[in-house]
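Peer 1: My questions all concern the structure below.
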Amino acid sequence: MTAYILRRLLHMIPIVFGVAVLVFVLFATVGEDPVRTALGSHATPEAIADLRSRWGLDKPLPMQFVDFVRRIATFDLGESYNSGEKLTVIFKRGALVSLSVTVPPFLVGIVLSIAVALLIAYFRGSWLDHYSTFVFVGSMSVSYLVYIITFQYVFAFRLDWFPISGYEPGLASIPYLLLPWIIIVVVSAGPDIRVLRTVFLDETRADYVRTAFAKGAGEGRVLFKHILKNAMIPVLTYWVTSVPFLILGAFLMERFFSIPGIGDTLINAVNTGDRPILMTLTVLIAIAYSLFNLLTDILYAYVDPRVKLS
Amino acid sequence: MIAAPGGLVGRAVANLRRRRFVLFCGGVVALYTLIALAGYVGLLPDFQERVGGSYEPPTLAPATILGTDIFGRSVLYKVLAGTRTAMTIGFVVTAISIPLGMLLGAVAGYYGGKVDALVVWLYSVVTSIPSILLIIGISYVLGKGLLAVCLALGLVGWVGLCRLTRGEVLKHKGREYVLAAQLLGAGDARVIVRHILPNVMHLPIVTASLAVLDAIKSEVILTFLGVGIQDGDSWGTMIQDATGELAQGIWWPLVGVTVAMFAIIYALNVVGDALRDALDPKLN
């Protein structure tokens with residue numbers, strides 16, 4: 001097991017390196033000169049040269065790349081071009097806020113969609129199954145933006161059930177987060193339930209299901225004891241791989257509700273050309289994604305005795 | 001064992017009704033494509049033209065059936081212009097990502113070894129970056145606009161198909177018919193294109209309808225975020241404007257765009273599902 005994990009971690013190195021190269025090429029070699037953007041058109045040549053050397057942009061590109069990789073490898077991430085704040089501080093603050101936006105609806109969504117998908121699988125082929133498919137495909141056919149706009153308008157603006165936007169730290173954030181949570185649960189329900197329904201229905205064709213029925217187990221028992229347990233493996237993968245993207249947050253949500261999370265930080269960085277934030281954040285998310293992939297495979301081996309890690 | 005629901009007759013009726021609905025959805029896709037083509041030959045009305053006062057609610061006249069916007073332009077005409085943009089992006093992105101995914105997947109699966117490792121590395125890199133960031137990065141490089149959105153979405157969208165194709169080709173590579181073709185002296189290109197690919201063609205066909213749908217949805221969000229279409233004839237721009245308008249009680253632009261988007265996305269979803277049910281050998 002240890003050897004397997006070590007080998008997988010080694011495999012991550014070329015991937016993360018590739019991500020770093022791609023990110024560097026995309027964000028650092030083209031686009032506007034951040035020094036000029038920061039200082040405006042009336043800056044003196046000395047000021048420009050000064051800032052350029054402070055940001056390390058006077059070095060040749062390969063050296064800049066080495067600097068970039070070194071900063072990530074040592075977790076001394078450097079500073080934002082705009083605020084001069086340390087990236088570690090910005091990311092830590094933003095990540096906690098983003099997680100508070102995305103984790104609660106993620107957890108509620110898991111329970112809810114497993115329950116609904118099981119129910120639909122139980123009544124497969126009936127009118128419930130038939131019409132729920134129509135409803136879920138329909139719910140997936142409306143743009144995410146439209147959900148946010150109409151929910152915000154109806155429930156916050158017209159009915160005044162929730163604040164329209166804003167954020168306060170700590171528990172005081174809950175009233176502000178309720179509506180984003182509801183929207184995330186509603187938007188992700190359609191695709192989640194459809195995937196899970198297929199997973200559960202695939203399992204119903206397995207041999208062990210026939211055996212269980214042959215032994216006289218009832219439909220409910222087969223569904224909840226046998227199928228649910230066996231279906232946990234694809235279900236697990238489906239969710240674990242989406243965990244790293246929770247950090248990125250539902251960044252449309254953060255934009256609409258003025259929540260200062262990572263997503264909001266990121267969009268501001270895009271609009272203002274804050275390269276350190278953009279580049280570092282992308283690589284960190286890629287690392288998180290690879291780690292969670294590894295975690296999924298390890299969990300696989302735990303829940304499914306047939307899977308051998310090698 | 002779990003009984004087939006509805007019995008034979010019931011199933012047949014359900015199947016027929018479903019097929020009629022699938023045909024209808026195919027018709028919707030064709031209609032949208034026609035609208036887009038009409039836009040290219042100049043048959044769509046000019047959406048920049050004023051057809052009434054500012055923010056007039058819908059009337060029964062064709063031009064103002066969806067009301068007017070702030071400048072008195074027809075919302076319907078704007079939706080139609082947006083349809084052209086959306087369908088263009090849907091098709092161009094698919095035309096980039098599907099061949100790319102097929103090619104890389106087939107080559108990786110067939111040759112294995114170093115080539116395979118390279119392709120796997122490439123898609124591991126692309127998938128571990130959240131696609132929205134990658135797309136923003138690419139449009140950073142290419143400048144903003146239609147071309148950048150198409151290229152960005154296309155260069156990100158090939159991964160899923162590549163992975164599927166690689167897996168399938170890997171399975172087919174060892175089969176007798178492939179060995180026979182090789183023994184008869186067929187070159188690698190011929191074996192891949194003439195013998196293996198026809199057996200995995202269900203993958204690109206099913207993926208394509210979903211790729212069109214994904215591209216349309218992504219374009220709207222990118223444009224909304226300010227990195228997509230810049231010159232106004234996009235559903236994303238309309239949704240962006242609608243955010244402020246809704247608070248003033250002006251609901252018709254949002255409803256117009258939402259209905260237009262809903263119809264095409266729903267239709268593509270249904271067509272995609274039907275294609276998968278019909279073509280995927282695992283489901284038969």
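By convention here, the chains of the structure tokens are called A, B, ... in the order presented, each chain's residues are numbered starting at 1, and ligands are numbered starting at 1 in the order presented.
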Up to 9 Å from chain A, what residues of chain B turn up? Count only C-alpha atoms and give them as a VMD selection string.
Peer 2: chain B and resid 1 to 2 4 to 6 121 to 122 124 to 130 133 to 134 136 to 138 140 to 141 143 217 220 to 221 224 to 226 236 239 to 240 242 to 243 246 to 247 254 258 to 259 261 to 267 269 to 270
Peer 1: As a VMD selection string, please: all residues of range 99-236 of chain A that backbone DSSP puts in helix (DSSP H, G or I).
Peer 2: chain A and resid 99 to 122 127 to 140 144 to 158 170 to 203 207 to 214 219 to 236
Peer 1: Please provide the set of residues having any atom within 6 Å of range 101-118 of chain A, restricted to only C-alpha atoms, with same-chain residues fewer than 5 positions apart removed, written as an mmCIF file with all heavy atoms, in the first residue's frame.
Peer 2:
data_model
loop_
_atom_site.group_PDB
_atom_site.id
_atom_site.type_symbol
_atom_site.label_atom_id
_atom_site.label_comp_id
_atom_site.auth_asym_id
_atom_site.auth_seq_id
_atom_site.Cartn_x
_atom_site.Cartn_y
_atom_site.Cartn_z
ATOM 1 N N TRP A 181 -27.102 28.196 -0.837
ATOM 2 C CA TRP A 181 -27.162 26.748 -0.578
ATOM 3 C C TRP A 181 -28.343 26.121 -1.308
ATOM 4 O O TRP A 181 -28.204 25.088 -1.960
ATOM 5 C CB TRP A 181 -27.323 26.489 0.930
ATOM 6 C CG TRP A 181 -26.089 26.754 1.733
ATOM 7 C CD1 TRP A 181 -24.822 26.943 1.248
ATOM 8 C CD2 TRP A 181 -25.999 26.870 3.156
ATOM 9 N NE1 TRP A 181 -23.962 27.177 2.282
ATOM 10 C CE2 TRP A 181 -24.646 27.133 3.470
ATOM 11 C CE3 TRP A 181 -26.914 26.777 4.212
ATOM 12 C CZ2 TRP A 181 -24.203 27.297 4.785
ATOM 13 C CZ3 TRP A 181 -26.465 26.938 5.518
ATOM 14 C CH2 TRP A 181 -25.129 27.194 5.802
ATOM 15 N N VAL A 185 -28.213 23.194 -4.242
ATOM 16 C CA VAL A 185 -28.892 21.902 -4.113
ATOM 17 C C VAL A 185 -29.838 21.688 -5.294
ATOM 18 O O VAL A 185 -29.843 20.628 -5.924
ATOM 19 C CB VAL A 185 -29.664 21.810 -2.770
ATOM 20 C CG1 VAL A 185 -30.572 20.597 -2.768
ATOM 21 C CG2 VAL A 185 -28.690 21.735 -1.610
ATOM 22 N N ILE A 193 -28.970 13.071 -9.629
ATOM 23 C CA ILE A 193 -29.962 12.002 -9.534
ATOM 24 C C ILE A 193 -29.949 11.150 -10.796
ATOM 25 O O ILE A 193 -30.070 9.926 -10.746
ATOM 26 C CB ILE A 193 -31.359 12.587 -9.255
ATOM 27 C CG1 ILE A 193 -31.374 13.182 -7.847
ATOM 28 C CG2 ILE A 193 -32.442 11.537 -9.400
ATOM 29 C CD1 ILE A 193 -32.583 13.997 -7.523
ATOM 30 N N LEU A 196 -26.951 8.809 -10.595
ATOM 31 C CA LEU A 196 -27.143 7.770 -9.583
ATOM 32 C C LEU A 196 -28.197 6.759 -10.007
ATOM 33 O O LEU A 196 -28.066 5.571 -9.759
ATOM 34 C CB LEU A 196 -27.545 8.398 -8.249
ATOM 35 C CG LEU A 196 -26.468 9.254 -7.599
ATOM 36 C CD1 LEU A 196 -26.909 9.673 -6.212
ATOM 37 C CD2 LEU A 196 -25.159 8.503 -7.515
ATOM 38 N N ARG A 197 -29.263 7.238 -10.637
ATOM 39 C CA ARG A 197 -30.314 6.334 -11.107
ATOM 40 C C ARG A 197 -29.704 5.299 -12.055
ATOM 41 O O ARG A 197 -29.955 4.105 -11.940
ATOM 42 C CB ARG A 197 -31.398 7.137 -11.817
ATOM 43 C CG ARG A 197 -32.459 6.283 -12.476
ATOM 44 C CD ARG A 197 -33.435 7.125 -13.283
ATOM 45 N NE ARG A 197 -34.252 6.273 -14.117
ATOM 46 C CZ ARG A 197 -33.903 5.867 -15.329
ATOM 47 N NH1 ARG A 197 -32.757 6.240 -15.843
ATOM 48 N NH2 ARG A 197 -34.702 5.078 -16.030
ATOM 49 N N LEU A 246 -14.754 22.026 -4.917
ATOM 50 C CA LEU A 246 -15.513 22.745 -3.896
ATOM 51 C C LEU A 246 -14.725 23.950 -3.400
ATOM 52 O O LEU A 246 -15.282 24.963 -3.009
ATOM 53 C CB LEU A 246 -15.818 21.830 -2.713
ATOM 54 C CG LEU A 246 -16.807 20.699 -2.955
ATOM 55 C CD1 LEU A 246 -16.994 19.906 -1.686
ATOM 56 C CD2 LEU A 246 -18.133 21.252 -3.421
ATOM 57 N N GLY A 249 -15.194 26.816 -5.226
ATOM 58 C CA GLY A 249 -16.477 27.396 -4.858
ATOM 59 C C GLY A 249 -17.393 27.526 -6.041
ATOM 60 O O GLY A 249 -17.007 27.382 -7.188
#
Peer 1: Skipping near chain neighbours, those fewer than 5 positions away, what residues fall within 9 Å of Tyr81 in chain A using only C-alpha atoms, listed as a list in words?
Peer 2: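 Using only C-alpha atoms, the neighbours found are Pro34, Val35, Ala38, Trp55, Gly273, Asp274, Arg275, Pro276 and Ile277 of chain A.
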Peer 1: Since we have the selection now, will you write its residues out, keeping N, CA and C atoms, as a CSV table (one decimal), in the first residue's frame?
Peer 2:
chain,number,residue,atom,x,y,z
A,34,PRO,N,1.9,43.6,-16.7
A,34,PRO,CA,1.2,43.9,-15.4
A,34,PRO,C,1.9,45.2,-14.7
A,35,VAL,N,3.1,45.4,-15.0
A,35,VAL,CA,3.8,46.6,-14.4
A,35,VAL,C,3.2,47.9,-14.9
A,38,ALA,N,-0.2,48.4,-13.5
A,38,ALA,CA,-0.3,48.8,-12.1
A,38,ALA,C,0.1,50.3,-12.0
A,55,TRP,N,9.0,42.5,-8.7
A,55,TRP,CA,8.2,41.3,-9.1
A,55,TRP,C,8.9,40.2,-9.8
A,273,GLY,N,-5.9,41.3,-14.0
A,273,GLY,CA,-4.6,40.8,-14.5
A,273,GLY,C,-3.6,40.4,-13.3
A,274,ASP,N,-4.2,40.0,-12.2
A,274,ASP,CA,-3.3,39.6,-11.0
A,274,ASP,C,-2.7,38.3,-11.2
A,275,ARG,N,-1.6,38.2,-12.0
A,275,ARG,CA,-1.1,36.9,-12.3
A,275,ARG,C,-0.7,36.0,-11.2
A,276,PRO,N,-0.1,36.4,-10.1
A,276,PRO,CA,0.3,35.5,-9.1
A,276,PRO,C,-0.9,34.7,-8.6
A,277,ILE,N,-2.0,35.4,-8.3
A,277,ILE,CA,-3.2,34.7,-7.8
A,277,ILE,C,-3.7,33.7,-8.8
Peer 1: Near Leu223 in chain A, counting only C-alpha atoms, which residues have an atom at most 10 Å away, once you skip same-chain residues fewer than 3 positions from it, shown as a PyMOL selection string?
Peer 2: chain A and resi 118-119+121-122+200-201+203-204+209+217-220+226-229
Peer 1: I need the chosen residues saved as a tab-separated table (two decimals), in the first residue's frame, with C-alpha atoms.
Peer 2:
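Wrote result_11.tsv, looks like this:
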chain	number	residue	atom	x	y	z
A	118	LEU	CA	-33.17	4.94	-4.85
A	119	LEU	CA	-36.82	5.86	-4.81
A	121	ALA	CA	-34.90	3.01	-9.03
A	122	TYR	CA	-37.49	1.31	-6.84
A	200	PHE	CA	-28.43	1.85	-9.38
A	201	LEU	CA	-30.18	0.46	-12.44
A	203	GLU	CA	-26.51	-2.83	-10.50
A	204	THR	CA	-29.99	-4.37	-10.80
A	209	VAL	CA	-29.25	-9.34	-7.44
A	217	ALA	CA	-35.36	-11.45	-0.51
A	218	GLY	CA	-37.97	-8.72	-1.06
A	219	GLU	CA	-37.54	-5.90	-3.54
A	220	GLY	CA	-36.90	-3.35	-0.79
A	226	HIS	CA	-27.54	-5.30	-1.64
A	227	ILE	CA	-27.67	-2.72	-4.40
A	228	LEU	CA	-27.01	0.33	-2.28
A	229	LYS	CA	-23.87	-1.25	-0.80
Peer 1: Rounded to one decimal, what separation in Å do you get between CA of Asn268 in chain A and CA of Ala47 in chain A?
Peer 2: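 So the answer is 24.8 Å.
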Peer 1: If I take CA of Ile233 in chain A and CA of Asp297 in chain A, how far is one from the other in Å, to one decimal?
Peer 2: 10.0 Å
Peer 1: Can you tell me which residues surround Val97 in chain A at a distance of at most 12 Å, considering only C-alpha atoms, apart from same-chain residues fewer than 5 positions away, and format the answer as a short mmCIF file (atom, residue, chain, number, x, y, z; two decimals) with all heavy atoms, in the first residue's frame?
Peer 2:
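Writing done, so here's result.cif:
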data_model
loop_
_atom_site.label_atom_id
_atom_site.label_comp_id
_atom_site.auth_asym_id
_atom_site.auth_seq_id
_atom_site.Cartn_x
_atom_site.Cartn_y
_atom_site.Cartn_z
N ILE A 90 -4.52 35.28 1.57
CA ILE A 90 -5.70 35.46 0.71
C ILE A 90 -6.39 34.13 0.48
O ILE A 90 -7.61 34.01 0.61
CB ILE A 90 -5.28 36.06 -0.65
CG1 ILE A 90 -4.67 37.44 -0.46
CG2 ILE A 90 -6.47 36.12 -1.60
CD1 ILE A 90 -4.20 38.08 -1.74
N PHE A 91 -5.60 33.10 0.15
CA PHE A 91 -6.19 31.80 -0.18
C PHE A 91 -6.86 31.17 1.02
O PHE A 91 -7.94 30.60 0.92
CB PHE A 91 -5.13 30.84 -0.74
CG PHE A 91 -4.64 31.24 -2.11
CD1 PHE A 91 -3.46 30.73 -2.61
CD2 PHE A 91 -5.37 32.14 -2.88
CE1 PHE A 91 -3.01 31.10 -3.87
CE2 PHE A 91 -4.93 32.50 -4.14
CZ PHE A 91 -3.75 31.99 -4.64
N LYS A 92 -6.19 31.27 2.19
CA LYS A 92 -6.76 30.64 3.38
C LYS A 92 -8.12 31.28 3.70
O LYS A 92 -9.11 30.59 3.93
CB LYS A 92 -5.80 30.80 4.56
CG LYS A 92 -5.92 29.66 5.56
CD LYS A 92 -4.93 29.82 6.71
CE LYS A 92 -3.51 29.42 6.34
NZ LYS A 92 -2.54 29.84 7.36
N THR A 102 -20.02 25.99 -0.33
CA THR A 102 -20.25 24.78 -1.13
C THR A 102 -20.42 23.50 -0.33
O THR A 102 -21.12 22.59 -0.77
CB THR A 102 -19.11 24.57 -2.14
OG1 THR A 102 -17.87 24.70 -1.44
CG2 THR A 102 -19.18 25.58 -3.25
N VAL A 103 -19.78 23.39 0.85
CA VAL A 103 -19.82 22.10 1.55
C VAL A 103 -21.21 21.74 2.07
O VAL A 103 -21.68 20.61 1.83
CB VAL A 103 -18.75 22.04 2.67
CG1 VAL A 103 -18.95 20.82 3.54
CG2 VAL A 103 -17.37 22.02 2.05
N PRO A 104 -21.92 22.65 2.76
CA PRO A 104 -23.26 22.24 3.23
C PRO A 104 -24.19 21.74 2.13
O PRO A 104 -24.76 20.65 2.28
CB PRO A 104 -23.80 23.50 3.91
CG PRO A 104 -22.58 24.28 4.28
CD PRO A 104 -21.58 24.00 3.22
N TYR A 167 -22.17 39.46 3.10
CA TYR A 167 -21.53 38.39 3.84
C TYR A 167 -21.01 38.95 5.16
O TYR A 167 -20.56 40.08 5.23
CB TYR A 167 -20.36 37.82 3.04
CG TYR A 167 -19.76 36.59 3.66
CD1 TYR A 167 -20.35 35.36 3.49
CD2 TYR A 167 -18.60 36.68 4.44
CE1 TYR A 167 -19.82 34.23 4.08
CE2 TYR A 167 -18.06 35.56 5.03
CZ TYR A 167 -18.67 34.33 4.84
OH TYR A 167 -18.14 33.22 5.43
N GLU A 168 -21.13 38.16 6.21
CA GLU A 168 -20.48 38.50 7.47
C GLU A 168 -19.75 37.26 7.93
O GLU A 168 -20.23 36.16 7.74
CB GLU A 168 -21.52 38.91 8.52
CG GLU A 168 -21.92 40.38 8.42
CD GLU A 168 -23.08 40.70 9.33
OE1 GLU A 168 -23.04 40.28 10.50
OE2 GLU A 168 -24.04 41.33 8.87
N PRO A 169 -18.59 37.46 8.57
CA PRO A 169 -17.84 36.27 8.98
C PRO A 169 -18.55 35.51 10.10
O PRO A 169 -19.40 36.07 10.80
CB PRO A 169 -16.50 36.83 9.44
CG PRO A 169 -16.64 38.30 9.51
CD PRO A 169 -17.91 38.71 8.86
N GLY A 170 -18.16 34.25 10.27
CA GLY A 170 -18.67 33.44 11.37
C GLY A 170 -20.10 32.99 11.15
O GLY A 170 -20.57 32.90 10.02
N LEU A 171 -20.77 32.70 12.27
CA LEU A 171 -22.13 32.17 12.18
C LEU A 171 -23.10 33.19 11.59
O LEU A 171 -24.15 32.82 11.05
CB LEU A 171 -22.62 31.73 13.56
CG LEU A 171 -22.06 30.40 14.07
CD1 LEU A 171 -22.60 30.09 15.45
CD2 LEU A 171 -22.41 29.28 13.10
N SER A 173 -22.90 34.53 9.01
CA SER A 173 -22.95 34.38 7.56
C SER A 173 -24.13 33.52 7.11
O SER A 173 -24.53 33.57 5.96
CB SER A 173 -21.65 33.76 7.06
OG SER A 173 -21.54 32.44 7.57
N ILE A 174 -24.69 32.73 8.03
CA ILE A 174 -25.71 31.75 7.64
C ILE A 174 -26.91 32.36 6.90
O ILE A 174 -27.30 31.85 5.85
CB ILE A 174 -26.14 30.89 8.85
CG1 ILE A 174 -24.96 30.00 9.25
CG2 ILE A 174 -27.35 30.02 8.51
CD1 ILE A 174 -25.20 29.15 10.46
N TYR A 176 -27.01 34.83 5.03
CA TYR A 176 -26.58 35.20 3.68
C TYR A 176 -26.36 33.96 2.80
O TYR A 176 -26.46 34.03 1.59
CB TYR A 176 -25.27 36.00 3.74
CG TYR A 176 -25.42 37.33 4.42
CD1 TYR A 176 -25.02 37.50 5.74
CD2 TYR A 176 -25.97 38.41 3.74
CE1 TYR A 176 -25.16 38.73 6.37
CE2 TYR A 176 -26.12 39.63 4.36
CZ TYR A 176 -25.71 39.79 5.67
OH TYR A 176 -25.86 40.99 6.29
N LEU A 177 -26.02 32.85 3.46
CA LEU A 177 -25.65 31.66 2.69
C LEU A 177 -26.84 30.77 2.36
O LEU A 177 -26.75 29.94 1.46
CB LEU A 177 -24.61 30.85 3.47
CG LEU A 177 -23.25 31.52 3.61
CD1 LEU A 177 -22.33 30.70 4.49
CD2 LEU A 177 -22.60 31.71 2.24
N LEU A 246 -14.75 22.03 -4.92
CA LEU A 246 -15.51 22.75 -3.90
C LEU A 246 -14.73 23.95 -3.40
O LEU A 246 -15.28 24.96 -3.01
CB LEU A 246 -15.82 21.83 -2.71
CG LEU A 246 -16.81 20.70 -2.96
CD1 LEU A 246 -16.99 19.91 -1.69
CD2 LEU A 246 -18.13 21.25 -3.42
N ILE A 247 -13.38 23.81 -3.40
CA ILE A 247 -12.54 24.90 -2.92
C ILE A 247 -12.71 26.10 -3.84
O ILE A 247 -12.77 27.24 -3.40
CB ILE A 247 -11.06 24.47 -2.89
CG1 ILE A 247 -10.92 23.22 -2.03
CG2 ILE A 247 -10.18 25.59 -2.36
CD1 ILE A 247 -9.66 22.45 -2.26
N LEU A 248 -12.79 25.81 -5.12
CA LEU A 248 -12.97 26.88 -6.09
C LEU A 248 -14.32 27.55 -5.87
O LEU A 248 -14.53 28.70 -6.20
CB LEU A 248 -12.89 26.31 -7.51
CG LEU A 248 -12.91 27.30 -8.64
CD1 LEU A 248 -11.72 28.22 -8.54
CD2 LEU A 248 -12.90 26.58 -9.96
N GLY A 249 -15.19 26.82 -5.23
CA GLY A 249 -16.48 27.40 -4.86
C GLY A 249 -17.39 27.53 -6.04
O GLY A 249 -17.01 27.38 -7.19
N ALA A 250 -18.64 27.77 -5.71
CA ALA A 250 -19.59 28.05 -6.75
C ALA A 250 -19.35 29.52 -7.09
O ALA A 250 -19.95 30.39 -6.51
CB ALA A 250 -20.99 27.83 -6.23
N PHE A 251 -18.40 29.76 -8.00
CA PHE A 251 -17.93 31.14 -8.05
C PHE A 251 -18.90 32.09 -8.72
O PHE A 251 -18.85 33.28 -8.47
CB PHE A 251 -16.51 31.27 -8.58
CG PHE A 251 -16.31 30.92 -10.00
CD1 PHE A 251 -16.02 31.89 -10.91
CD2 PHE A 251 -16.38 29.60 -10.40
CE1 PHE A 251 -15.81 31.55 -12.22
CE2 PHE A 251 -16.17 29.27 -11.69
CZ PHE A 251 -15.89 30.24 -12.61
N MET A 253 -21.95 31.96 -7.83
CA MET A 253 -22.70 32.26 -6.62
C MET A 253 -22.04 33.39 -5.85
O MET A 253 -22.68 34.32 -5.38
CB MET A 253 -22.74 30.99 -5.79
CG MET A 253 -24.00 30.78 -5.03
SD MET A 253 -25.39 30.72 -6.11
CE MET A 253 -25.31 29.03 -6.60
N GLU A 254 -20.72 33.30 -5.71
CA GLU A 254 -20.00 34.31 -4.95
C GLU A 254 -20.11 35.67 -5.62
O GLU A 254 -20.20 36.70 -4.97
CB GLU A 254 -18.54 33.90 -4.80
CG GLU A 254 -18.40 32.67 -3.92
CD GLU A 254 -16.98 32.15 -3.86
OE1 GLU A 254 -16.08 32.82 -4.40
OE2 GLU A 254 -16.78 31.08 -3.26
N SER A 258 -22.17 38.59 -3.71
CA SER A 258 -21.06 39.35 -3.10
C SER A 258 -20.45 38.63 -1.91
O SER A 258 -20.32 39.19 -0.83
CB SER A 258 -21.51 40.74 -2.63
OG SER A 258 -22.35 41.33 -3.53
N ILE A 259 -20.10 37.36 -2.11
CA ILE A 259 -19.46 36.59 -1.05
C ILE A 259 -17.96 36.54 -1.35
O ILE A 259 -17.57 36.14 -2.43
CB ILE A 259 -20.04 35.16 -1.00
CG1 ILE A 259 -21.53 35.23 -0.67
CG2 ILE A 259 -19.31 34.31 0.03
CD1 ILE A 259 -22.27 33.94 -0.91
N PRO A 260 -17.14 36.98 -0.40
CA PRO A 260 -15.69 37.11 -0.69
C PRO A 260 -14.94 35.79 -0.64
O PRO A 260 -14.04 35.61 0.18
CB PRO A 260 -15.22 38.07 0.40
CG PRO A 260 -16.14 37.83 1.54
CD PRO A 260 -17.47 37.45 0.95
N GLY A 261 -15.27 34.84 -1.49
CA GLY A 261 -14.58 33.55 -1.50
C GLY A 261 -13.49 33.50 -2.55
O GLY A 261 -13.15 34.51 -3.17
N ILE A 262 -12.95 32.28 -2.75
CA ILE A 262 -11.86 32.07 -3.73
C ILE A 262 -12.33 32.41 -5.15
O ILE A 262 -11.60 32.98 -5.94
CB ILE A 262 -11.39 30.61 -3.67
CG1 ILE A 262 -10.49 30.40 -2.47
CG2 ILE A 262 -10.66 30.22 -4.93
CD1 ILE A 262 -9.10 30.89 -2.64
N GLY A 263 -13.56 32.02 -5.45
CA GLY A 263 -14.08 32.27 -6.79
C GLY A 263 -14.12 33.75 -7.10
O GLY A 263 -13.74 34.20 -8.19
N ASP A 264 -14.55 34.51 -6.12
CA ASP A 264 -14.61 35.95 -6.27
C ASP A 264 -13.20 36.53 -6.45
O ASP A 264 -12.95 37.34 -7.34
CB ASP A 264 -15.28 36.53 -5.02
CG ASP A 264 -15.78 37.94 -5.26
OD1 ASP A 264 -16.47 38.14 -6.27
OD2 ASP A 264 -15.44 38.82 -4.46
N THR A 265 -12.28 36.05 -5.61
CA THR A 265 -10.87 36.44 -5.71
C THR A 265 -10.36 36.17 -7.12
O THR A 265 -9.68 37.00 -7.74
CB THR A 265 -10.02 35.61 -4.73
OG1 THR A 265 -10.63 35.64 -3.45
CG2 THR A 265 -8.61 36.14 -4.66
#
